[in-house]
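Listing of protein-v1.pdb; format and content: PDB, C-alpha atoms.
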```
MODEL        1
ATOM      1  CA  MET F   1      65.118  42.566 123.432
ATOM      2  CA  GLU F   2      68.133  43.169 125.590
ATOM      3  CA  LYS F   3      68.125  46.490 127.336
ATOM      4  CA  ASP F   4      71.311  48.278 126.347
ATOM      5  CA  HIS F   5      72.440  51.910 126.426
ATOM      6  CA  SER F   6      70.519  52.645 123.211
ATOM      7  CA  TYR F   7      67.353  51.250 124.712
ATOM      8  CA  PHE F   8      67.506  53.511 127.774
ATOM      9  CA  LEU F   9      68.598  56.606 125.870
ATOM     10  CA  LYS F  10      65.783  56.030 123.415
ATOM     11  CA  ARG F  11      63.382  55.897 126.351
ATOM     12  CA  ALA F  12      64.754  59.265 127.594
ATOM     13  CA  ILE F  13      64.126  60.752 124.130
ATOM     14  CA  GLN F  14      60.637  59.280 124.122
ATOM     15  CA  LEU F  15      59.911  60.872 127.529
ATOM     16  CA  ALA F  16      61.111  64.212 126.141
ATOM     17  CA  GLU F  17      58.571  63.975 123.357
ATOM     18  CA  GLU F  18      55.742  62.710 125.556
ATOM     19  CA  GLY F  19      56.258  65.465 128.145
ATOM     20  CA  MET F  20      56.330  68.143 125.456
ATOM     21  CA  ASP F  21      53.208  66.748 123.816
ATOM     22  CA  LYS F  22      51.355  66.703 127.143
ATOM     23  CA  GLY F  23      52.382  70.307 127.819
ATOM     24  CA  ASP F  24      54.408  69.425 130.922
ATOM     25  CA  GLY F  25      57.383  71.541 129.927
ATOM     26  CA  GLY F  26      60.332  71.641 127.522
ATOM     27  CA  PRO F  27      61.415  68.769 125.251
ATOM     28  CA  PHE F  28      63.694  66.966 127.692
ATOM     29  CA  GLY F  29      63.564  63.512 129.256
ATOM     30  CA  ALA F  30      65.713  61.393 131.558
ATOM     31  CA  VAL F  31      65.825  57.909 133.031
ATOM     32  CA  ILE F  32      67.928  56.411 135.799
ATOM     33  CA  VAL F  33      68.950  52.784 135.641
ATOM     34  CA  LYS F  34      70.275  50.455 138.317
ATOM     35  CA  ASP F  35      71.231  46.820 137.739
ATOM     36  CA  GLY F  36      69.834  47.007 134.222
ATOM     37  CA  GLU F  37      66.397  48.230 135.263
ATOM     38  CA  ILE F  38      64.812  51.685 135.127
ATOM     39  CA  ILE F  39      64.206  52.994 138.651
ATOM     40  CA  ALA F  40      63.095  56.529 137.700
ATOM     41  CA  GLU F  41      61.727  58.310 134.644
ATOM     42  CA  ALA F  42      61.015  62.005 134.159
ATOM     43  CA  SER F  43      60.389  64.711 131.658
ATOM     44  CA  ASN F  44      60.822  68.455 132.077
ATOM     45  CA  ASN F  45      58.083  69.908 134.309
ATOM     46  CA  VAL F  46      59.184  73.543 134.720
ATOM     47  CA  THR F  47      56.042  75.231 133.434
ATOM     48  CA  SER F  48      53.478  72.692 134.665
ATOM     49  CA  PHE F  49      54.959  72.497 138.194
ATOM     50  CA  ASN F  50      55.880  76.207 138.299
ATOM     51  CA  ASP F  51      59.304  74.990 139.355
ATOM     52  CA  PRO F  52      62.369  76.299 137.520
ATOM     53  CA  THR F  53      64.406  73.436 139.032
ATOM     54  CA  ALA F  54      62.116  70.739 137.571
ATOM     55  CA  HIS F  55      64.438  69.821 134.701
ATOM     56  CA  ALA F  56      64.143  66.180 133.635
ATOM     57  CA  GLU F  57      67.465  65.202 135.234
ATOM     58  CA  VAL F  58      66.658  66.847 138.577
ATOM     59  CA  VAL F  59      63.178  65.288 138.703
ATOM     60  CA  ALA F  60      64.630  61.865 137.811
ATOM     61  CA  ILE F  61      67.376  62.188 140.456
ATOM     62  CA  ARG F  62      64.791  63.074 143.110
ATOM     63  CA  LYS F  63      62.594  60.130 142.157
ATOM     64  CA  ALA F  64      65.497  57.662 142.035
ATOM     65  CA  CYS F  65      66.769  58.802 145.438
ATOM     66  CA  GLU F  66      63.287  58.435 146.863
ATOM     67  CA  GLU F  67      63.119  54.935 145.400
ATOM     68  CA  LEU F  68      66.529  53.997 146.811
ATOM     69  CA  LYS F  69      65.944  55.863 150.094
ATOM     70  CA  SER F  70      69.388  57.362 149.672
ATOM     71  CA  PHE F  71      70.875  60.710 148.739
ATOM     72  CA  GLN F  72      73.434  58.957 146.565
ATOM     73  CA  LEU F  73      72.910  57.194 143.224
ATOM     74  CA  GLU F  74      75.560  54.558 143.783
ATOM     75  CA  GLY F  75      75.865  52.149 140.870
ATOM     76  CA  CYS F  76      73.327  54.048 138.774
ATOM     77  CA  ILE F  77      73.490  55.313 135.201
ATOM     78  CA  LEU F  78      71.677  58.459 134.095
ATOM     79  CA  TYR F  79      70.389  58.705 130.527
ATOM     80  CA  THR F  80      69.276  62.128 129.370
ATOM     81  CA  SER F  81      67.958  63.264 126.011
ATOM     82  CA  CYS F  82      70.174  66.383 126.102
ATOM     83  CA  GLU F  83      73.477  67.398 127.662
ATOM     84  CA  PRO F  84      72.747  68.594 131.203
ATOM     85  CA  CYS F  85      72.656  72.316 131.957
ATOM     86  CA  PRO F  86      74.932  73.580 134.770
ATOM     87  CA  MET F  87      72.183  73.129 137.379
ATOM     88  CA  CYS F  88      71.650  69.514 136.358
ATOM     89  CA  LEU F  89      75.376  68.915 136.050
ATOM     90  CA  GLY F  90      75.755  70.140 139.627
ATOM     91  CA  ALA F  91      72.882  67.905 140.742
ATOM     92  CA  ILE F  92      74.579  64.946 139.020
ATOM     93  CA  TYR F  93      77.842  65.577 140.864
ATOM     94  CA  TRP F  94      76.052  65.713 144.211
ATOM     95  CA  ALA F  95      74.040  62.556 143.423
ATOM     96  CA  ARG F  96      77.124  60.753 142.088
ATOM     97  CA  PRO F  97      75.813  58.264 139.521
ATOM     98  CA  GLU F  98      78.466  56.163 137.793
ATOM     99  CA  LYS F  99      78.005  57.487 134.272
ATOM    100  CA  VAL F 100      75.877  59.748 132.131
ATOM    101  CA  TYR F 101      74.701  59.115 128.564
ATOM    102  CA  TYR F 102      73.227  61.979 126.555
ATOM    103  CA  ALA F 103      71.971  62.483 122.981
ATOM    104  CA  LEU F 104      71.594  66.162 122.027
ATOM    105  CA  ASN F 105      74.119  68.788 123.108
ATOM    106  CA  ARG F 106      74.075  72.356 124.458
ATOM    107  CA  GLN F 107      74.439  73.853 120.986
ATOM    108  CA  ASP F 108      71.329  71.984 119.863
ATOM    109  CA  ALA F 109      69.503  73.308 122.938
ATOM    110  CA  ALA F 110      70.639  76.883 122.244
ATOM    111  CA  LYS F 111      69.264  76.656 118.697
ATOM    112  CA  ILE F 112      65.748  76.066 120.012
ATOM    113  CA  GLY F 113      65.952  78.810 122.651
ATOM    114  CA  PHE F 114      67.425  77.111 125.734
ATOM    115  CA  ASP F 115      70.503  79.088 126.497
ATOM    116  CA  ASP F 116      72.445  76.717 128.704
ATOM    117  CA  GLN F 117      75.651  78.157 127.261
ATOM    118  CA  PHE F 118      74.824  81.550 128.764
ATOM    119  CA  VAL F 119      74.633  79.943 132.220
ATOM    120  CA  TYR F 120      77.863  78.024 131.591
ATOM    121  CA  ASP F 121      79.522  81.343 130.736
ATOM    122  CA  GLU F 122      78.137  83.126 133.802
ATOM    123  CA  ILE F 123      79.461  80.425 136.128
ATOM    124  CA  GLY F 124      83.005  81.153 134.995
ATOM    125  CA  ARG F 125      82.628  84.918 135.481
ATOM    126  CA  GLU F 126      83.753  86.975 138.445
ATOM    127  CA  MET F 127      80.923  87.896 140.797
ATOM    128  CA  ASN F 128      81.002  91.566 139.803
ATOM    129  CA  GLU F 129      80.753  90.792 136.101
ATOM    130  CA  ARG F 130      77.670  88.615 136.279
ATOM    131  CA  LYS F 131      74.315  89.541 134.789
ATOM    132  CA  ILE F 132      72.675  88.764 138.131
ATOM    133  CA  PRO F 133      74.665  90.709 140.761
ATOM    134  CA  PHE F 134      76.165  88.589 143.559
ATOM    135  CA  ILE F 135      76.954  90.655 146.627
ATOM    136  CA  ASN F 136      79.060  89.445 149.516
ATOM    137  CA  MET F 137      78.608  90.674 153.090
ATOM    138  CA  MET F 138      78.588  89.462 156.708
ATOM    139  CA  ARG F 139      81.052  86.603 156.201
ATOM    140  CA  GLU F 140      82.274  86.980 159.773
ATOM    141  CA  GLU F 141      78.743  86.474 161.070
ATOM    142  CA  GLY F 142      78.382  83.230 159.136
ATOM    143  CA  LEU F 143      81.659  81.609 160.194
ATOM    144  CA  PRO F 144      80.558  80.367 163.645
ATOM    145  CA  VAL F 145      77.877  78.189 162.009
ATOM    146  CA  PHE F 146      80.512  76.439 159.892
ATOM    147  CA  GLN F 147      82.711  75.967 162.962
ATOM    148  CA  LYS F 148      79.756  74.431 164.759
ATOM    149  CA  TRP F 149      79.254  71.985 161.857
ATOM    150  CA  GLU F 150      82.910  70.927 162.021
ATOM    151  CA  ALA F 151      82.577  70.221 165.737
ATOM    152  CA  LYS F 152      79.198  68.445 165.446
ATOM    153  CA  GLU F 153      79.656  64.842 166.506
ATOM    154  CA  ASP F 154      76.435  63.375 165.107
ATOM    155  CA  ARG F 155      76.604  65.113 161.726
ATOM    156  CA  ILE F 156      75.747  63.135 158.581
ATOM    157  CA  ASP F 157      78.274  63.945 155.852
ATOM    158  CA  TYR F 158      77.104  63.950 152.255
TER     159      TYR F 158
ATOM    160  CA  MET Q   1      63.563  97.631 163.116
ATOM    161  CA  GLU Q   2      63.735  98.215 159.405
ATOM    162  CA  LYS Q   3      64.292  95.089 157.380
ATOM    163  CA  ASP Q   4      67.447  95.663 155.362
ATOM    164  CA  HIS Q   5      69.883  93.362 153.583
ATOM    165  CA  SER Q   6      71.635  92.566 156.882
ATOM    166  CA  TYR Q   7      68.343  91.546 158.437
ATOM    167  CA  PHE Q   8      67.530  89.048 155.703
ATOM    168  CA  LEU Q   9      71.053  87.680 155.418
ATOM    169  CA  LYS Q  10      71.153  87.230 159.185
ATOM    170  CA  ARG Q  11      67.916  85.256 158.908
ATOM    171  CA  ALA Q  12      69.520  83.008 156.270
ATOM    172  CA  ILE Q  13      72.458  82.381 158.623
ATOM    173  CA  GLN Q  14      70.031  81.646 161.445
ATOM    174  CA  LEU Q  15      68.196  79.104 159.252
ATOM    175  CA  ALA Q  16      71.547  77.469 158.475
ATOM    176  CA  GLU Q  17      72.178  76.984 162.178
ATOM    177  CA  GLU Q  18      68.637  75.867 163.000
ATOM    178  CA  GLY Q  19      68.576  73.294 160.179
ATOM    179  CA  MET Q  20      71.939  71.893 161.238
ATOM    180  CA  ASP Q  21      70.871  71.711 164.887
ATOM    181  CA  LYS Q  22      67.670  69.858 163.965
ATOM    182  CA  GLY Q  23      69.651  67.397 161.843
ATOM    183  CA  ASP Q  24      67.952  68.398 158.592
ATOM    184  CA  GLY Q  25      71.193  68.589 156.631
ATOM    185  CA  GLY Q  26      74.281  70.752 156.176
ATOM    186  CA  PRO Q  27      74.793  74.229 157.684
ATOM    187  CA  PHE Q  28      73.174  76.264 154.933
ATOM    188  CA  GLY Q  29      70.139  78.547 154.875
ATOM    189  CA  ALA Q  30      68.384  80.807 152.382
ATOM    190  CA  VAL Q  31      65.498  83.254 152.235
ATOM    191  CA  ILE Q  32      63.729  84.873 149.309
ATOM    192  CA  VAL Q  33      62.322  88.359 149.643
ATOM    193  CA  LYS Q  34      59.819  90.233 147.519
ATOM    194  CA  ASP Q  35      58.676  93.800 148.182
ATOM    195  CA  GLY Q  36      60.568  93.837 151.473
ATOM    196  CA  GLU Q  37      58.921  90.683 152.851
ATOM    197  CA  ILE Q  38      60.156  87.111 153.155
ATOM    198  CA  ILE Q  39      58.155  84.820 150.860
ATOM    199  CA  ALA Q  40      60.222  81.650 151.360
ATOM    200  CA  GLU Q  41      62.692  80.278 153.894
ATOM    201  CA  ALA Q  42      64.707  77.073 153.755
ATOM    202  CA  SER Q  43      67.635  75.224 155.171
ATOM    203  CA  ASN Q  44      69.593  72.389 153.610
ATOM    204  CA  ASN Q  45      67.574  69.153 153.640
ATOM    205  CA  VAL Q  46      69.785  66.749 151.668
ATOM    206  CA  THR Q  47      70.132  64.017 154.268
ATOM    207  CA  SER Q  48      66.675  64.328 155.878
ATOM    208  CA  PHE Q  49      64.821  64.364 152.540
ATOM    209  CA  ASN Q  50      67.201  61.881 150.858
ATOM    210  CA  ASP Q  51      67.396  64.454 148.092
ATOM    211  CA  PRO Q  52      70.830  65.563 146.856
ATOM    212  CA  THR Q  53      69.172  68.561 145.176
ATOM    213  CA  ALA Q  54      67.629  69.835 148.429
ATOM    214  CA  HIS Q  55      70.202  72.585 148.968
ATOM    215  CA  ALA Q  56      68.809  75.603 150.850
ATOM    216  CA  GLU Q  57      68.707  77.782 147.719
ATOM    217  CA  VAL Q  58      66.900  75.152 145.615
ATOM    218  CA  VAL Q  59      64.355  74.463 148.348
ATOM    219  CA  ALA Q  60      63.780  78.211 148.831
ATOM    220  CA  ILE Q  61      63.393  78.782 145.072
ATOM    221  CA  ARG Q  62      60.848  75.978 144.828
ATOM    222  CA  LYS Q  63      58.867  77.345 147.777
ATOM    223  CA  ALA Q  64      58.926  80.922 146.496
ATOM    224  CA  CYS Q  65      57.776  79.844 143.029
ATOM    225  CA  GLU Q  66      54.968  77.841 144.599
ATOM    226  CA  GLU Q  67      53.995  80.919 146.609
ATOM    227  CA  LEU Q  68      54.078  83.172 143.529
ATOM    228  CA  LYS Q  69      52.549  80.520 141.263
ATOM    229  CA  SER Q  70      55.257  81.325 138.758
ATOM    230  CA  PHE Q  71      58.422  79.699 137.459
ATOM    231  CA  GLN Q  72      60.183  83.077 137.594
ATOM    232  CA  LEU Q  73      61.297  85.050 140.650
ATOM    233  CA  GLU Q  74      60.730  88.446 139.123
ATOM    234  CA  GLY Q  75      61.563  91.290 141.487
ATOM    235  CA  CYS Q  76      62.877  88.931 144.162
ATOM    236  CA  ILE Q  77      66.128  88.947 146.114
ATOM    237  CA  LEU Q  78      67.768  85.747 147.305
ATOM    238  CA  TYR Q  79      69.796  85.758 150.516
ATOM    239  CA  THR Q  80      71.954  82.726 151.177
ATOM    240  CA  SER Q  81      74.297  81.980 154.047
ATOM    241  CA  CYS Q  82      76.954  80.691 151.632
ATOM    242  CA  GLU Q  83      77.969  81.288 148.026
ATOM    243  CA  PRO Q  84      75.817  79.014 145.845
ATOM    244  CA  CYS Q  85      77.292  75.796 144.441
ATOM    245  CA  PRO Q  86      77.086  75.295 140.641
ATOM    246  CA  MET Q  87      73.756  73.492 140.926
ATOM    247  CA  CYS Q  88      72.235  76.333 142.929
ATOM    248  CA  LEU Q  89      73.843  78.924 140.698
ATOM    249  CA  GLY Q  90      72.199  77.252 137.720
ATOM    250  CA  ALA Q  91      68.863  77.161 139.552
ATOM    251  CA  ILE Q  92      69.245  80.886 140.296
ATOM    252  CA  TYR Q  93      69.813  81.694 136.627
ATOM    253  CA  TRP Q  94      66.734  79.723 135.602
ATOM    254  CA  ALA Q  95      64.611  81.352 138.344
ATOM    255  CA  ARG Q  96      65.999  84.816 137.566
ATOM    256  CA  PRO Q  97      65.826  86.752 140.844
ATOM    257  CA  GLU Q  98      67.125  90.314 140.686
ATOM    258  CA  LYS Q  99      70.062  89.923 143.027
ATOM    259  CA  VAL Q 100      71.804  87.523 145.359
ATOM    260  CA  TYR Q 101      73.394  88.313 148.722
ATOM    261  CA  TYR Q 102      75.662  85.739 150.352
ATOM    262  CA  ALA Q 103      77.846  85.569 153.487
ATOM    263  CA  LEU Q 104      80.348  82.686 153.423
ATOM    264  CA  ASN Q 105      82.202  81.694 150.270
ATOM    265  CA  ARG Q 106      83.180  78.487 148.464
ATOM    266  CA  GLN Q 107      86.596  78.394 150.149
ATOM    267  CA  ASP Q 108      84.919  78.477 153.555
ATOM    268  CA  ALA Q 109      82.654  75.624 152.424
ATOM    269  CA  ALA Q 110      85.623  73.575 151.177
ATOM    270  CA  LYS Q 111      87.328  73.935 154.563
ATOM    271  CA  ILE Q 112      84.457  72.121 156.284
ATOM    272  CA  GLY Q 113      84.208  69.379 153.666
ATOM    273  CA  PHE Q 114      81.827  70.739 151.016
ATOM    274  CA  ASP Q 115      83.798  70.644 147.844
ATOM    275  CA  ASP Q 116      81.880  73.020 145.634
ATOM    276  CA  GLN Q 117      85.155  74.002 143.990
ATOM    277  CA  PHE Q 118      85.564  70.454 142.676
ATOM    278  CA  VAL Q 119      82.196  70.727 140.922
ATOM    279  CA  TYR Q 120      83.098  74.193 139.594
ATOM    280  CA  ASP Q 121      86.284  72.671 138.144
ATOM    281  CA  GLU Q 122      84.469  69.720 136.596
ATOM    282  CA  ILE Q 123      81.996  71.988 134.803
ATOM    283  CA  GLY Q 124      84.849  73.613 132.928
ATOM    284  CA  ARG Q 125      86.370  70.280 131.890
ATOM    285  CA  GLU Q 126      85.971  68.497 128.589
ATOM    286  CA  MET Q 127      83.498  65.602 128.729
ATOM    287  CA  ASN Q 128      86.246  62.993 128.381
ATOM    288  CA  GLU Q 129      88.296  64.436 131.244
ATOM    289  CA  ARG Q 130      85.541  64.433 133.841
ATOM    290  CA  LYS Q 131      85.524  62.233 136.935
ATOM    291  CA  ILE Q 132      81.996  61.108 136.031
ATOM    292  CA  PRO Q 133      82.149  59.954 132.387
ATOM    293  CA  PHE Q 134      79.741  61.739 130.018
ATOM    294  CA  ILE Q 135      79.103  59.728 126.876
ATOM    295  CA  ASN Q 136      77.405  61.098 123.781
ATOM    296  CA  MET Q 137      75.385  58.938 121.396
ATOM    297  CA  MET Q 138      72.193  58.953 119.295
ATOM    298  CA  ARG Q 139      72.138  62.712 118.680
ATOM    299  CA  GLU Q 140      70.413  62.147 115.330
ATOM    300  CA  GLU Q 141      67.599  60.287 117.040
ATOM    301  CA  GLY Q 142      66.993  63.172 119.414
ATOM    302  CA  LEU Q 143      66.891  65.980 116.865
ATOM    303  CA  PRO Q 144      63.297  65.473 115.651
ATOM    304  CA  VAL Q 145      62.003  66.159 119.178
ATOM    305  CA  PHE Q 146      63.748  69.551 119.216
ATOM    306  CA  GLN Q 147      62.368  70.337 115.761
ATOM    307  CA  LYS Q 148      58.906  69.463 117.007
ATOM    308  CA  TRP Q 149      59.363  71.909 119.924
ATOM    309  CA  GLU Q 150      60.370  74.694 117.556
ATOM    310  CA  ALA Q 151      57.246  74.110 115.494
ATOM    311  CA  LYS Q 152      54.909  73.750 118.490
ATOM    312  CA  GLU Q 153      52.415  76.588 118.399
ATOM    313  CA  ASP Q 154      51.092  76.356 121.954
ATOM    314  CA  ARG Q 155      54.466  75.962 123.655
ATOM    315  CA  ILE Q 156      55.186  77.872 126.864
ATOM    316  CA  ASP Q 157      58.702  79.317 126.725
ATOM    317  CA  TYR Q 158      60.659  79.595 129.950
TER     318      TYR Q 158
ENDMDL
END
```
Render the structure in this file as structure tokens.
Amino acid sequence: MEKDHSYFLKRAIQLAEEGMDKGDGGPFGAVIVKDGEIIAEASNNVTSFNDPTAHAEVVAIRKACEELKSFQLEGCILYTSCEPCPMCLGAIYWARPEKVYYALNRQDAAKIGFDDQFVYDEIGREMNERKIPFINMMREEGLPVFQKWEAKEDRIDY
Amino acid sequence: MEKDHSYFLKRAIQLAEEGMDKGDGGPFGAVIVKDGEIIAEASNNVTSFNDPTAHAEVVAIRKACEELKSFQLEGCILYTSCEPCPMCLGAIYWARPEKVYYALNRQDAAKIGFDDQFVYDEIGREMNERKIPFINMMREEGLPVFQKWEAKEDRIDY
């Protein structure tokens, strides 16, 4: 059987179910593919790892980067059983895969109690209107560190 | 010296500088405080860990949760040298600390080459207008897994 987009997305859905059944975390799975082969698989591990960042996409990105020994997913495709939440979307942009395929969407997730939409809404809000207060201070004390980065000759950009 | 918000935010800025000087990653640092004491410290480790998700806030959240043996940062305050990017903002909402203090902002970050604003813009875009294509398929095949989650009696909500 040729491995096409349906094959890999089906595998992501299967990982979602397996992880849920094992009690690893929520019903979410992801795989990362390079040159037609899976290089990383993950399911959600938030409650089993005690790690709120252990969403399937983030865990898969970490594993794939470890495999590739790179902080960039050049030429990779991410398949995820559900539309990424804002955290995972951010992680995807920093990892820079070529494309993302997903099955379920954020409305489906909201219906079973995962309120990604709430986080999407908060991101667009002004700091002083957010449910978690974000307080700014000491900007002047931070600036020299950024200036030092700009002047750093051996810095590794990412 | 009493440990106040300035003390902890200064420590986050110090971690940003130390991490950069050691070559761990970009000039970003974060600390997490509970009951007036630091329970986790981190600097950016993207390039040294080969992990695009290893932003200071994410690393600090993971450490603090490990310390607390919990996937929630109840009663904690996060101090970060720079306004969180969308990934870190998402991670913060999932971890649910009480408050966030930050020094530098996203415009400062953009000026030294960290284009958080680009990711903020992409999050608000329709799927078909994004720089990384997001393609939806097989929603129907994913739905039974979500239904199974809803019906799961021993599930751990998060």
Evaluate the PyMOL selection byres ((chain Q and resi 148) around 10) against this structure - the residues, as a PDB file with C-alpha atoms, in the frame of the given file, please.
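Output contents, as saved in expr-v3.pdb:
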```pdb
ATOM      1  CA  GLU F  17      58.571  63.975 123.357  1.00  0.00           C
ATOM      2  CA  MET F  20      56.330  68.143 125.456  1.00  0.00           C
ATOM      3  CA  ASP F  21      53.208  66.748 123.816  1.00  0.00           C
ATOM      4  CA  PRO F  27      61.415  68.769 125.251  1.00  0.00           C
ATOM      5  CA  ILE F 112      65.748  76.066 120.012  1.00  0.00           C
TER       6      ILE F 112
ATOM      7  CA  LEU Q 143      66.891  65.980 116.865  1.00  0.00           C
ATOM      8  CA  PRO Q 144      63.297  65.473 115.651  1.00  0.00           C
ATOM      9  CA  VAL Q 145      62.003  66.159 119.178  1.00  0.00           C
ATOM     10  CA  PHE Q 146      63.748  69.551 119.216  1.00  0.00           C
ATOM     11  CA  GLN Q 147      62.368  70.337 115.761  1.00  0.00           C
ATOM     12  CA  TRP Q 149      59.363  71.909 119.924  1.00  0.00           C
ATOM     13  CA  GLU Q 150      60.370  74.694 117.556  1.00  0.00           C
ATOM     14  CA  ALA Q 151      57.246  74.110 115.494  1.00  0.00           C
ATOM     15  CA  LYS Q 152      54.909  73.750 118.490  1.00  0.00           C
ATOM     16  CA  GLU Q 153      52.415  76.588 118.399  1.00  0.00           C
TER      17      GLU Q 153
END
```
Practice task
Record the distance separating atom CA of Pro84 of chain F and atom CA of Leu73 of chain Q, expressed in Å with one decimal.
Solution key: 22.2 Å
Provide an axis-aligned box for all listed atoms of segment 133-144 of chain F, padding each side by 6 Å; report its centre and its edge lengths in Å to one decimal, as AutoDock Vina command-line options.
```
--center_x 78.5 --center_y 85.5 --center_z 152.2 --size_x 19.6 --size_y 22.3 --size_z 34.9
```
Exercise for the section: Please provide as number ranges by chain all residues within 8 Å of Leu15 of chain Q, with the sequence filter that same-chain residues fewer than 3 positions apart are discarded (counting all atoms listed in the file). Expected result: Q: 11-12, 18-19, 28-30, 41-43
Exercise for the section: Please tell me which residues are no farther than 12 Å from (54.9, 86.9, 139.6) in the file, counting only C-alpha atoms, and write them as a ChimeraX atom specification. Expected result: /F:50 /Q:34-35,39,64-76,95-97
Would you export the selected residues with C-alpha atoms as a PDB file, in the coordinates of the input, please?
```pdb
ATOM      1  CA  ASN F  50      55.880  76.207 138.299  1.00  0.00           C
TER       2      ASN F  50
ATOM      3  CA  LYS Q  34      59.819  90.233 147.519  1.00  0.00           C
ATOM      4  CA  ASP Q  35      58.676  93.800 148.182  1.00  0.00           C
ATOM      5  CA  ILE Q  39      58.155  84.820 150.860  1.00  0.00           C
ATOM      6  CA  ALA Q  64      58.926  80.922 146.496  1.00  0.00           C
ATOM      7  CA  CYS Q  65      57.776  79.844 143.029  1.00  0.00           C
ATOM      8  CA  GLU Q  66      54.968  77.841 144.599  1.00  0.00           C
ATOM      9  CA  GLU Q  67      53.995  80.919 146.609  1.00  0.00           C
ATOM     10  CA  LEU Q  68      54.078  83.172 143.529  1.00  0.00           C
ATOM     11  CA  LYS Q  69      52.549  80.520 141.263  1.00  0.00           C
ATOM     12  CA  SER Q  70      55.257  81.325 138.758  1.00  0.00           C
ATOM     13  CA  PHE Q  71      58.422  79.699 137.459  1.00  0.00           C
ATOM     14  CA  GLN Q  72      60.183  83.077 137.594  1.00  0.00           C
ATOM     15  CA  LEU Q  73      61.297  85.050 140.650  1.00  0.00           C
ATOM     16  CA  GLU Q  74      60.730  88.446 139.123  1.00  0.00           C
ATOM     17  CA  GLY Q  75      61.563  91.290 141.487  1.00  0.00           C
ATOM     18  CA  CYS Q  76      62.877  88.931 144.162  1.00  0.00           C
ATOM     19  CA  ALA Q  95      64.611  81.352 138.344  1.00  0.00           C
ATOM     20  CA  ARG Q  96      65.999  84.816 137.566  1.00  0.00           C
ATOM     21  CA  PRO Q  97      65.826  86.752 140.844  1.00  0.00           C
TER      22      PRO Q  97
END
```
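Distance annotation: of Q:Tyr158, Q:Lys3, Q:Ala110, Q:Ser81, the residue with the minimal separation from Thr53 of chain F is Q:Tyr158; atom set is all atoms listed in the file.
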Exercise for the section: Given the file shown, determine the residues that the PyMOL selection byres ((chain Q and resi 54) around 10) selects; report them as number ranges by chain. Expected result: F: 62, 71, 91; Q: 25, 42-53, 55-60, 62, 88
Exercise for the section: Output the residue selection produced by the PyMOL selection byres ((chain F and resi 116) around 9) on the file above, formatted as a ChimeraX atom specification. Expected result: /F:84-86,106-107,109-110,114-115,117-121
Problem - Separation of atom CA of Lys99 of chain Q from atom CA of Tyr79 of chain Q, in Å and rounded to one decimal - result: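 Spanning atom CA of Lys99 of chain Q to atom CA of Tyr79 of chain Q is a straight-line distance of 8.6 Å.
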Give me, as an mmCIF file with C-alpha atoms, keeping the file's coordinate frame, all polymer residues having an atom no more than 7 Å from Cys82 of chain F, counting all atoms listed in the file and skipping those fewer than 6 positions away in the same chain.
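The resulting file, result.cif, is reproduced below:
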```cif
data_model
loop_
_atom_site.group_PDB
_atom_site.id
_atom_site.type_symbol
_atom_site.label_atom_id
_atom_site.label_comp_id
_atom_site.auth_asym_id
_atom_site.auth_seq_id
_atom_site.Cartn_x
_atom_site.Cartn_y
_atom_site.Cartn_z
ATOM 1 C CA PHE F 28 63.694 66.966 127.692
ATOM 2 C CA TYR F 102 73.227 61.979 126.555
ATOM 3 C CA ALA F 103 71.971 62.483 122.981
ATOM 4 C CA LEU F 104 71.594 66.162 122.027
ATOM 5 C CA ASN F 105 74.119 68.788 123.108
#
```
Handout entry: atom CA of Tyr101 of chain Q to atom CA of Gly26 of chain Q, distance in Å rounded to a single decimal
Key =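 Between atom CA of Tyr101 of chain Q and atom CA of Gly26 of chain Q the gap is 19.1 Å.
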Exercise for the section: Identify which of the residues F:Phe134, F:Ile156, F:Glu126, F:Thr80 lies closest to Ser6 of chain F, counting all atoms listed in the file when measuring atom-to-atom distances. Expected result: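 Selected residue with least distance to Ser6 of chain F: F:Thr80.
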Handout entry: Proximity to Lys10 of chain F - best of Q:Arg155, Q:Ile77, Q:Glu140, Q:Asn128, only C-alpha atoms
Key = Q:Glu140
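Across Q:Met127, Q:Ile92, Q:Val33, Q:Met87, the tightest approach to chain F is made by Q:Met87 when counting only C-alpha atoms.
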Exercise for the section: Measuring atom to atom with all atoms listed in the file, identify which of Q:Asp24, Q:Tyr93, Q:Gly142, Q:Leu78 is nearest to His5 of chain Q. Expected result: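 Among the listed residues, the smallest separation from His5 of chain Q belongs to Q:Leu78.
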